[in-house]
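Peer 1: First the structure, then my questions, so here it is.
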Amino acid sequence: SSGRGAVPRVAVVVFVIKYNTVLLGKRLSSIGHSTFALPGGHLEFGESFEECAAREVKEETGLDIEKMEFLTVTNNVIPAAAAAADSSSNSKTVLVPPAAHYVTIFVRAVLKEETQMPQNMEPTKCDGWDWYEWEHLPQPLFRPLEVMVQSGFNPFPA
Ligand code: 8DG
Ligand code: MG
Ligand code: MG
């Protein structure tokens, strides 16, 4: 939510790593609609990052993960679509509040059982999940993920 009284929220998102691939799904939510993103969601009161990662991945894909590891955190101020689309203004001044503001915790994890197949558990929020090679990521990526990839970030163990 945005506007008066809006506060930054904490999200935990997960690179589920299988060989040289990661799990991505095309978003159907209003924020980042039609872009490819990691499974993940809001940190709930009292949860650890690891618990949130496992819960969100289970809720969204049906997959059981393990070996959760913290990778990094980013600050994501997501502009309102109306502001982003406004090409009539030459000013860089933000005239409307951001659509959302997330402090996003990036975690990596692996499958408990390698034979598990992702299921589209929330079909109103996601078009479906699939594995993508890091060198052949689908486009467009969800903006916070795109920014990380562009910066050279790599989620795979060294
Ligand atoms: P919930 O009700 O299940 O808790 O939330 P959700 O519906 O699963 O939330 P979400 O939009 O999937 O994730 C929360 C926010 O996390 C999202 O709006 C922005 C931030 N976020 C990033 N990068 C990514 C990403 O790669 N994937 C996802 N799912 N969210 C991300 O900054
Ligand atoms: Mg969720
Ligand atoms: Mg989600």
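By convention in this document, the chains of the structure tokens carry letters A, B, ... by their order, each chain's residues are numbered from 1, and ligands are numbered from 1 in the order they are shown.
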Counting only C-alpha atoms and all ligand atoms, what are the residues, protein, DNA or RNA alike, that approach ligand 1 to within 9 Å? I want them as a ChimeraX atom specification.
Peer 2: /A:9-15,24-25,27,29-32,36-44,52,55-56,59-60,74-78,100-106,125-126,141-146
Peer 1: Using only C-alpha atoms and all ligand atoms, can you tell me which of A:Ala6, A:Ala53, A:Leu71, A:Ala158 comes closest to ligand 2?
Peer 2: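 Under the stated criterion, the closest residue is A:Ala53.
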Peer 1: Please identify which residues in chain A DSSP calls strand (DSSP E or B) from the backbone, and express them as a PyMOL selection string.
Peer 2: chain A and resi 9-18+21-27+36-37+40-42+65-78+100-111+126-133+141
Peer 1: With distances taken over only C-alpha atoms, which residue among A:Thr72, A:Ser48, A:Asn154, A:Ser34 lies nearest Glu135 (chain A)?
Peer 2: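 Smallest distance to Glu135 (chain A) is found for A:Asn154.
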Peer 1: Atom 1 (Mg, counted along the ligand's line) of ligand 3 and CA of Asp130 (chain A) are how many Å apart?
Peer 2: 14.8 Å
Peer 1: Just checking: using only C-alpha atoms and all ligand atoms, which residue out of A:Val57, A:Val73, A:Ile65, A:Leu95 ends up closest to ligand 3?
Peer 2: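 Ranking A:Val57, A:Val73, A:Ile65, A:Leu95 by distance to ligand 3, first place goes to A:Val57.
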Peer 1: Which residue is closest to Val16 (chain A)? Choose from A:Leu137, A:Ala109, A:Val149, A:Ala54 and count only C-alpha atoms.
Peer 2: A:Ala109
Peer 1: Output as a list in words all residues of region 32-67 of chain A that backbone DSSP marks as alpha helix (DSSP H).
Peer 2: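 The residues of region 32-67 of chain A classed as alpha helix (DSSP H) are Phe49, Glu50, Glu51, Cys52, Ala53, Ala54, Arg55, Glu56, Val57, Lys58, Glu59, Glu60 and Thr61 of chain A.
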Peer 1: Just want the 7 Å neighbourhood of Met68 (chain A), counted on only C-alpha atoms, with same-chain residues fewer than 5 positions away dropped. Output as a list of chain:residue names.
Peer 2: A:Glu50, A:Val107, A:Arg108, A:Ala109
Peer 1: Convert the current residue selection to file output with N, CA and C atoms, as an mmCIF file, in the first residue's frame.
Peer 2:
```
data_model
loop_
_atom_site.group_PDB
_atom_site.id
_atom_site.type_symbol
_atom_site.label_atom_id
_atom_site.label_comp_id
_atom_site.auth_asym_id
_atom_site.auth_seq_id
_atom_site.Cartn_x
_atom_site.Cartn_y
_atom_site.Cartn_z
ATOM 1 N N GLU A 50 14.912 -17.517 7.372
ATOM 2 C CA GLU A 50 14.873 -18.903 6.878
ATOM 3 C C GLU A 50 13.455 -19.471 6.915
ATOM 4 N N VAL A 107 17.781 -14.658 -0.208
ATOM 5 C CA VAL A 107 18.242 -15.906 0.392
ATOM 6 C C VAL A 107 18.460 -16.900 -0.748
ATOM 7 N N ARG A 108 19.374 -17.849 -0.540
ATOM 8 C CA ARG A 108 19.406 -18.962 -1.489
ATOM 9 C C ARG A 108 19.118 -20.250 -0.739
ATOM 10 N N ALA A 109 18.672 -21.252 -1.494
ATOM 11 C CA ALA A 109 18.326 -22.535 -0.898
ATOM 12 C C ALA A 109 18.350 -23.592 -1.988
#
```
Peer 1: Enter the distance from CA of Gly128 (chain A) to CA of Thr21 (chain A), in Å, rounded to one decimal.
Peer 2: 15.8 Å
